[in-house]
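Undergrad: The following block contains the structure, expressed as structure tokens.
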Amino acid sequence: MSDIWRPQPKQEMVLRCWQDEAAYGGAAGGGKTDYLLMEALDQIDIPNYKGVIVRKTYPQLKEVIERSRVLYKQICPAARYNGTEHTWHFPSGASISFKQVRSASFASDWQGLSFDFLGVDEATHLTLQEFLYLLSRNRPSGPNTKVYCRLTSNPGGIGHGWFKARYGIGTVPPMTTMWTKSKVTDPNGKTHEVVRSKIFIPATVFDNQELLNNNPGYLATLDQLPQAERDALLYGSWDSFSGQVFSEFRDDPNHYDDGKFTHVINPFEIPPHWKILRCYDFGYTRPSACLWIAVNEEKRKYVIREFYTWTGTPDVGNKMHHVDQAAKIHEIESTDPNLKNRNIIDGVADPAIFDKSRGISIADDMAKAPNYIIWRSGDHNRMPGKMQVHYHLAFDEDGDPMIQFFKGCKNIIRTLPELIYDETNVEDVDSSTEDHAYDALRYGLMDDPITPRANKLPEMPKYGDPLHLRDDGKNVIRFNHF
Ligand SMILES: Nc1ncnc2c1ncn2[C@@H]1O[C@H](COP(=O)(O)OP(=O)(O)OP(=O)(O)O)[C@@H](O)[C@H]1O
Ligand SMILES: [Mg+2]
């Protein structure tokens, strides 16, 4: 690099990445924005090179632009900044622009553009759809450039769920290359297989010695935050974060057998006399969720099976017709060892499926032969439903909650802890997030409510190695991920 700016070890690690996508950071102050500004300079000697650095809004971009004025002016004195275009022009002809995502004319602002380098700062402020749109602009602007994308972020925000899943945080050891394969059909109908590589490089403020030297009090500032925010911003925990609705949710594989202080458990055989409740939230372009809940004599509940109509990309439905969904539900009830041969499975669903304004309702269609999937209308009252989820999740002193999930119910286990509060209706869940399995659960629990219970979860042990930094995860693995 230059004498003006030297990468710190983690920044150097991400600067050396060759993958198509690299996500960097995970906590506050890790040197993410500085890194992104320097990465963007990598190809400025190529005349047709175009780079872009993105944030959600212009006010947020201002501090990035300010920092670029300091760094770029020193590193390349001949570069010129055009404040109207928010673009740096370099002597070779190359350029680096700063762009926002939030604007009424977002799609038309970005239409037709090409950027060899796409840098997204604070990527969890974006929805997956916004990010994927930006990614579609990450294409060659001319010959000889390398086309790639880099993202930085802290935990939390509307994009927390997709960012965490896309970069394997919590599921794949950090610094492991992940490969995805997808099929794309061209206008002539020919199918091409596209392979992409991705990696997550974690960094916290402890990796930014410059900041700790210049501002030793910064650590104390982060340490004084409320626990969820502190764990996220200081230690880079992606499991608890500010704005998380069901922060009491625990998934502890060490206790899948005894079921203590964990909501996720190993499956077991359901006694024949237990009631089975089937609950459903309908979707088409967004996923449908159907859950089967076994209820014991004490109203203790077990989510034993799920059916989720998604493409494998978070919050994207696979457009399965509702009659086909009914057929699938029928098939599951005829084959699942805990469901087949049951006389009564009671169905409660999203009230919207009873709407007859466009002729026959979805519920009527699903009830027809040969599937006979019968629904009653669920209680759509959002706040009491949310409170029922809290009451059921609460652990007693022995570590027993009133609801647990068989480990195969992957989508409710994935999406429930990722729900965040709505920015305007601050007590409620943000319904623009992936809340379909939660909605189905709400209808189910409102159908068999319990009295309020407070959570007796003991204070969690302080984070020892939240980012698995001590894991030796440098191996390359291959798997299909969204
Ligand atoms: N390699 C470096 N050399 C000198 N200073 C650096 C370096 N990396 C980061 N810094 C400085 O450390 C401070 C924090 O860095 P930066 O703003 O890039 O972190 P961040 O991870 O983006 O923080 P936040 O989470 O607050 O957005 C800034 O003052 C930045 O200039
Ligand atoms: Mg930053």
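Chain identifiers are assigned as A, B, and so on, following the order in which chains appear in the structure tokens; residues are numbered from 1 within each chain, and ligands are numbered from 1 in order of appearance.
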Report as a tab-separated table: every residue of chain A with an atom at most 8 Å from ligand 1, its closest pair of atoms, and their distance in Å to one decimal, counting only C-alpha atoms and all ligand atoms, with rows sorted by chain and ascending residue number.
TA:
```
residue	atom	partner	partner_atom_place_in_ligand_line	distance
A:Trp5	CA	ligand 1	3 (N)	5.3
A:Arg6	CA	ligand 1	1 (N)	4.9
A:Pro7	CA	ligand 1	1 (N)	4.1
A:Gln8	CA	ligand 1	1 (N)	4.9
A:Gln11	CA	ligand 1	1 (N)	7.1
A:Gly25	CA	ligand 1	21 (O)	6.7
A:Ala27	CA	ligand 1	25 (O)	6.2
A:Ala28	CA	ligand 1	25 (O)	3.4
A:Gly29	CA	ligand 1	23 (O)	3.4
A:Gly30	CA	ligand 1	21 (O)	3.7
A:Gly31	CA	ligand 1	18 (O)	3.2
A:Lys32	CA	ligand 1	21 (O)	3.8
A:Thr33	CA	ligand 1	18 (O)	3.7
A:Asp34	CA	ligand 1	18 (O)	3.8
A:Tyr35	CA	ligand 1	18 (O)	6.2
A:Leu36	CA	ligand 1	18 (O)	7.9
A:Arg67	CA	ligand 1	31 (O)	7.3
A:Asp121	CA	ligand 1	22 (O)	7.9
A:Glu122	CA	ligand 1	27 (O)	7.4
A:Thr152	CA	ligand 1	22 (O)	7.9
A:Ser153	CA	ligand 1	25 (O)	7.4
A:Asn154	CA	ligand 1	25 (O)	6.4
A:Thr204	CA	ligand 1	21 (O)	7.5
A:Val205	CA	ligand 1	21 (O)	7.2
A:Asn208	CA	ligand 1	9 (C)	6.2
A:Glu210	CA	ligand 1	5 (N)	5.2
A:Leu211	CA	ligand 1	12 (O)	4.4
A:Leu233	CA	ligand 1	25 (O)	7.7
```
Undergrad: Create the file for the chosen residues now, containing N, CA and C atoms and written as a compact mmCIF listing (two decimals), in the first residue's frame.
TA:
```
# COMPACT_ATOMS: atom_id res chain seq x y z
N TRP A 5 -1.29 5.26 4.29
CA TRP A 5 -2.25 4.35 4.94
C TRP A 5 -1.71 2.93 4.85
N ARG A 6 -1.54 2.30 5.98
CA ARG A 6 -1.09 0.91 6.00
C ARG A 6 -2.20 0.04 6.55
N PRO A 7 -2.51 -1.05 5.84
CA PRO A 7 -3.60 -1.90 6.36
C PRO A 7 -3.19 -2.56 7.67
N GLN A 8 -4.14 -2.71 8.55
CA GLN A 8 -3.92 -3.50 9.75
C GLN A 8 -4.14 -4.98 9.36
N GLN A 11 -7.46 -6.04 7.91
CA GLN A 11 -7.73 -5.31 6.66
C GLN A 11 -6.90 -5.90 5.53
N GLY A 25 -16.13 -7.53 8.67
CA GLY A 25 -16.52 -6.78 9.87
C GLY A 25 -17.36 -7.59 10.80
N ALA A 27 -18.57 -5.96 13.72
CA ALA A 27 -18.64 -5.21 14.98
C ALA A 27 -18.22 -3.77 14.69
N ALA A 28 -18.42 -2.90 15.67
CA ALA A 28 -18.12 -1.48 15.44
C ALA A 28 -16.61 -1.23 15.45
N GLY A 29 -16.20 -0.26 14.65
CA GLY A 29 -14.84 0.25 14.74
C GLY A 29 -13.74 -0.66 14.23
N GLY A 30 -14.09 -1.69 13.47
CA GLY A 30 -13.08 -2.63 13.00
C GLY A 30 -12.26 -2.13 11.81
N GLY A 31 -12.50 -0.89 11.40
CA GLY A 31 -11.77 -0.35 10.26
C GLY A 31 -12.42 -0.72 8.94
N LYS A 32 -13.74 -0.86 8.94
CA LYS A 32 -14.46 -1.33 7.76
C LYS A 32 -14.50 -0.26 6.66
N THR A 33 -14.87 0.97 7.06
CA THR A 33 -15.05 2.00 6.06
C THR A 33 -13.71 2.37 5.43
N ASP A 34 -12.67 2.48 6.25
CA ASP A 34 -11.33 2.76 5.71
C ASP A 34 -10.94 1.68 4.71
N TYR A 35 -11.20 0.42 5.08
CA TYR A 35 -10.85 -0.69 4.20
C TYR A 35 -11.55 -0.54 2.84
N LEU A 36 -12.86 -0.25 2.88
CA LEU A 36 -13.64 -0.19 1.64
C LEU A 36 -13.12 0.92 0.72
N ARG A 67 -13.95 11.13 4.62
CA ARG A 67 -12.74 10.32 4.81
C ARG A 67 -12.01 10.11 3.48
N ASP A 121 -21.21 -0.32 2.13
CA ASP A 121 -20.89 -0.06 3.53
C ASP A 121 -22.17 -0.20 4.35
N GLU A 122 -22.07 -0.85 5.51
CA GLU A 122 -23.24 -1.11 6.37
C GLU A 122 -24.35 -1.81 5.57
N THR A 152 -19.46 -4.45 4.00
CA THR A 152 -19.11 -4.37 5.42
C THR A 152 -20.39 -4.19 6.19
N SER A 153 -20.37 -4.60 7.46
CA SER A 153 -21.56 -4.36 8.27
C SER A 153 -21.36 -4.66 9.74
N ASN A 154 -22.21 -4.05 10.55
CA ASN A 154 -22.39 -4.44 11.95
C ASN A 154 -23.63 -5.33 12.01
N THR A 204 -13.31 -6.95 14.71
CA THR A 204 -13.92 -6.13 15.75
C THR A 204 -12.97 -4.97 16.03
N VAL A 205 -13.38 -4.13 16.98
CA VAL A 205 -12.54 -2.97 17.32
C VAL A 205 -11.16 -3.44 17.81
N ASN A 208 -8.50 -3.11 15.37
CA ASN A 208 -8.15 -1.77 14.90
C ASN A 208 -7.29 -1.07 15.95
N GLU A 210 -5.07 1.17 15.56
CA GLU A 210 -5.00 2.63 15.35
C GLU A 210 -6.06 3.33 16.18
N LEU A 211 -7.27 2.80 16.11
CA LEU A 211 -8.39 3.42 16.83
C LEU A 211 -8.16 3.29 18.34
N LEU A 233 -21.99 -4.94 18.99
CA LEU A 233 -21.04 -3.95 18.49
C LEU A 233 -19.63 -4.15 19.02
```
Undergrad: Skip A:Val52 itself and residues of its chain fewer than 5 positions away, then list as a list in words all residues within 7 Å of it, counting only C-alpha atoms.
TA: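 My list of contacting residues is Ile96, Ser97, Phe98, Lys99, Phe115, Phe117, Leu118 and Gly119 of chain A.
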Undergrad: Based on the backbone DSSP call, show me all residues of stretch 221-350 of chain A assigned helix (DSSP H, G or I), as a list in words.
TA: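 Here are the helix (DSSP H, G or I) residues of stretch 221-350 of chain A: Thr221, Leu222, Asp223, Gln227, Ala228, Glu229, Arg230, Asp231, Ala232, Leu233, Pro253, Asn254, His255, His322, Val323, Asp324, Gln325, Ala326, Ala327, Lys328, Ile329, His330, Glu331, Ile332, Glu333, Ser334 and Thr335 of chain A.
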Undergrad: Go ahead and write the selection's residues with C-alpha atoms as a PDB file, in the first residue's frame.
TA:
```pdb
ATOM      1  CA  THR A 221     -18.090   3.610  25.329  1.00  0.00           C
ATOM      2  CA  LEU A 222     -19.038   0.321  23.682  1.00  0.00           C
ATOM      3  CA  ASP A 223     -18.905  -1.544  26.990  1.00  0.00           C
ATOM      4  CA  GLN A 227     -26.210  -6.040  26.671  1.00  0.00           C
ATOM      5  CA  ALA A 228     -27.633  -6.926  23.253  1.00  0.00           C
ATOM      6  CA  GLU A 229     -26.074  -3.892  21.598  1.00  0.00           C
ATOM      7  CA  ARG A 230     -22.786  -4.396  23.433  1.00  0.00           C
ATOM      8  CA  ASP A 231     -22.517  -8.040  22.401  1.00  0.00           C
ATOM      9  CA  ALA A 232     -23.217  -7.044  18.808  1.00  0.00           C
ATOM     10  CA  LEU A 233     -21.038  -3.950  18.493  1.00  0.00           C
ATOM     11  CA  PRO A 253     -27.126 -28.261  20.472  1.00  0.00           C
ATOM     12  CA  ASN A 254     -25.570 -29.495  23.757  1.00  0.00           C
ATOM     13  CA  HIS A 255     -29.085 -29.776  25.176  1.00  0.00           C
ATOM     14  CA  HIS A 322     -52.500 -22.998  -3.027  1.00  0.00           C
ATOM     15  CA  VAL A 323     -54.090 -26.232  -4.294  1.00  0.00           C
ATOM     16  CA  ASP A 324     -50.594 -27.690  -4.723  1.00  0.00           C
ATOM     17  CA  GLN A 325     -49.807 -26.486  -1.200  1.00  0.00           C
ATOM     18  CA  ALA A 326     -52.918 -28.326   0.051  1.00  0.00           C
ATOM     19  CA  ALA A 327     -51.715 -31.474  -1.747  1.00  0.00           C
ATOM     20  CA  LYS A 328     -48.306 -31.187  -0.101  1.00  0.00           C
ATOM     21  CA  ILE A 329     -49.875 -30.673   3.352  1.00  0.00           C
ATOM     22  CA  HIS A 330     -52.060 -33.729   2.727  1.00  0.00           C
ATOM     23  CA  GLU A 331     -48.999 -35.755   1.698  1.00  0.00           C
ATOM     24  CA  ILE A 332     -47.069 -34.719   4.833  1.00  0.00           C
ATOM     25  CA  GLU A 333     -50.015 -35.705   7.045  1.00  0.00           C
ATOM     26  CA  SER A 334     -50.199 -39.092   5.323  1.00  0.00           C
ATOM     27  CA  THR A 335     -46.494 -39.899   5.679  1.00  0.00           C
TER      28      THR A 335
END
```
Undergrad: Can you pull out every residue within 10 Å of A:Asp257, counting only C-alpha atoms, but drop anything in the same chain fewer than 5 positions away, and send it as a PyMOL selection string?
TA: chain A and resi 262+264-268
Undergrad: Do you know which residues are at most 12 Å from A:Phe406 counting only C-alpha atoms, after dropping those on the same chain fewer than 5 positions away, and could you put them as a PyMOL selection string?
TA: chain A and resi 251+253+256-257+259+262-270+291-294+301-306+338+411-413
Undergrad: Could you dump the residues just selected with N, CA and C atoms as a CSV table (one decimal), in the first residue's frame?
TA:
```csv
chain,number,residue,atom,x,y,z
A,251,ASP,N,-30.8,-21.7,21.0
A,251,ASP,CA,-30.6,-22.9,20.2
A,251,ASP,C,-29.3,-23.5,20.7
A,253,PRO,N,-27.2,-26.9,20.9
A,253,PRO,CA,-27.1,-28.3,20.5
A,253,PRO,C,-26.7,-29.2,21.6
A,256,TYR,N,-30.0,-30.6,23.1
A,256,TYR,CA,-31.1,-31.1,22.2
A,256,TYR,C,-31.7,-32.4,22.8
A,257,ASP,N,-31.0,-33.1,23.6
A,257,ASP,CA,-31.6,-34.4,24.2
A,257,ASP,C,-32.3,-34.1,25.5
A,259,GLY,N,-33.2,-31.0,26.5
A,259,GLY,CA,-34.2,-29.9,26.3
A,259,GLY,C,-34.1,-28.8,27.3
A,262,THR,N,-33.0,-24.6,26.0
A,262,THR,CA,-32.9,-24.6,24.6
A,262,THR,C,-34.3,-24.7,24.0
A,263,HIS,N,-34.6,-23.9,22.9
A,263,HIS,CA,-35.9,-24.0,22.3
A,263,HIS,C,-35.8,-25.1,21.2
A,264,VAL,N,-34.6,-25.5,20.7
A,264,VAL,CA,-34.5,-26.4,19.7
A,264,VAL,C,-34.1,-27.8,20.3
A,265,ILE,N,-34.8,-28.8,19.9
A,265,ILE,CA,-34.6,-30.2,20.5
A,265,ILE,C,-34.6,-31.3,19.5
A,266,ASN,N,-34.2,-32.4,19.9
A,266,ASN,CA,-34.3,-33.6,19.0
A,266,ASN,C,-35.7,-34.1,18.9
A,267,PRO,N,-36.1,-34.6,17.8
A,267,PRO,CA,-37.5,-35.1,17.7
A,267,PRO,C,-37.8,-36.3,18.6
A,268,PHE,N,-39.0,-36.5,19.0
A,268,PHE,CA,-39.4,-37.7,19.8
A,268,PHE,C,-40.8,-38.1,19.3
A,269,GLU,N,-41.2,-39.3,19.7
A,269,GLU,CA,-42.5,-39.8,19.3
A,269,GLU,C,-43.6,-39.2,20.1
A,270,ILE,N,-44.6,-38.6,19.4
A,270,ILE,CA,-45.7,-37.9,20.1
A,270,ILE,C,-46.8,-38.9,20.5
A,291,LEU,N,-47.2,-25.0,10.1
A,291,LEU,CA,-46.5,-25.6,11.2
A,291,LEU,C,-47.5,-26.6,11.8
A,292,TRP,N,-47.0,-27.8,12.3
A,292,TRP,CA,-47.7,-28.7,13.1
A,292,TRP,C,-47.3,-28.7,14.5
A,293,ILE,N,-48.2,-28.4,15.4
A,293,ILE,CA,-47.8,-28.2,16.8
A,293,ILE,C,-48.5,-29.3,17.6
A,294,ALA,N,-47.7,-30.1,18.3
A,294,ALA,CA,-48.3,-31.1,19.3
A,294,ALA,C,-48.4,-30.5,20.6
A,301,LYS,N,-46.1,-27.0,24.3
A,301,LYS,CA,-46.3,-27.2,22.8
A,301,LYS,C,-44.9,-27.6,22.2
A,302,TYR,N,-45.0,-28.4,21.1
A,302,TYR,CA,-43.8,-28.8,20.4
A,302,TYR,C,-44.1,-28.6,18.9
A,303,VAL,N,-43.3,-27.8,18.2
A,303,VAL,CA,-43.5,-27.6,16.8
A,303,VAL,C,-42.7,-28.8,16.2
A,304,ILE,N,-43.5,-29.8,15.6
A,304,ILE,CA,-42.9,-31.1,15.2
A,304,ILE,C,-42.6,-31.2,13.7
A,305,ARG,N,-43.2,-30.3,12.9
A,305,ARG,CA,-43.0,-30.4,11.5
A,305,ARG,C,-43.3,-29.0,10.9
A,306,GLU,N,-42.6,-28.7,9.8
A,306,GLU,CA,-43.0,-27.5,9.1
A,306,GLU,C,-43.0,-27.7,7.6
A,338,ASN,N,-45.3,-38.9,13.0
A,338,ASN,CA,-46.0,-38.4,14.1
A,338,ASN,C,-47.4,-37.8,13.6
A,411,ASN,N,-36.9,-23.5,9.2
A,411,ASN,CA,-37.2,-22.1,8.8
A,411,ASN,C,-37.8,-21.3,9.9
A,412,ILE,N,-38.6,-21.9,10.8
A,412,ILE,CA,-39.0,-21.2,12.0
A,412,ILE,C,-37.8,-21.0,12.9
A,413,ILE,N,-36.9,-21.9,13.0
A,413,ILE,CA,-35.7,-21.8,13.8
A,413,ILE,C,-34.8,-20.7,13.3
```
Undergrad: One decimal, Å: what's the distance from atom CA of A:Asn455 over to atom CA of A:Phe395, could you say?
TA: 5.1 Å
Undergrad: Using only C-alpha atoms, which of the listed residues (A:Gln19, A:Thr313, A:Ser182, A:Gln244) sits closest to A:Trp162?
TA: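 Among the listed residues, the smallest separation from A:Trp162 belongs to A:Thr313.
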Undergrad: A:Glu63, A:Asp116, A:Asp346, A:Asp364: which is nearest ligand 2, counting only C-alpha atoms and all ligand atoms?
TA: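 Among the listed residues, A:Glu63 lies closest to ligand 2.
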Undergrad: From the list A:Leu37, A:Val426, A:Leu416, A:Ala369, which residue is nearest ligand 2 when using only C-alpha atoms and all ligand atoms?
TA: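 Of A:Leu37, A:Val426, A:Leu416, A:Ala369, the one nearest ligand 2 is A:Leu37, counting only C-alpha atoms and all ligand atoms.
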Undergrad: Counting only C-alpha atoms, what is within 8 Å of A:Asp315, bar same-chain residues fewer than 5 positions away, as a ChimeraX atom specification?
TA: /A:286-287,310,433-434
Undergrad: Would you pick out the contacts of A:Asn144 at 9 Å or less, using only C-alpha atoms, so that residues sharing its chain but fewer than 6 positions from it are not included, and give the list as a VMD selection string?
TA: chain A and resid 46 48 to 49
Undergrad: Keeping only N, CA and C atoms, write the selected residues to a file as a PDB file, in the first residue's frame.
TA:
```
ATOM      1  N   ILE A  46      -6.571   1.482 -14.473  1.00  0.00           N
ATOM      2  CA  ILE A  46      -7.233   0.986 -15.685  1.00  0.00           C
ATOM      3  C   ILE A  46      -8.219   2.063 -16.148  1.00  0.00           C
ATOM      4  N   ASN A  48     -10.819   2.393 -18.005  1.00  0.00           N
ATOM      5  CA  ASN A  48     -12.286   2.218 -18.029  1.00  0.00           C
ATOM      6  C   ASN A  48     -12.851   1.748 -16.683  1.00  0.00           C
ATOM      7  N   TYR A  49     -12.016   1.658 -15.667  1.00  0.00           N
ATOM      8  CA  TYR A  49     -12.482   1.151 -14.357  1.00  0.00           C
ATOM      9  C   TYR A  49     -13.498   2.100 -13.724  1.00  0.00           C
TER      10      TYR A  49
END
```
Undergrad: For A:Tyr438, find every residue with an atom within 10 Å (counting only C-alpha atoms), except residues of its own chain fewer than 5 positions away, and show them as a PyMOL selection string.
TA: chain A and resi 280-281+289+291+385-386+389+411-413+415-417+419+429+443-444
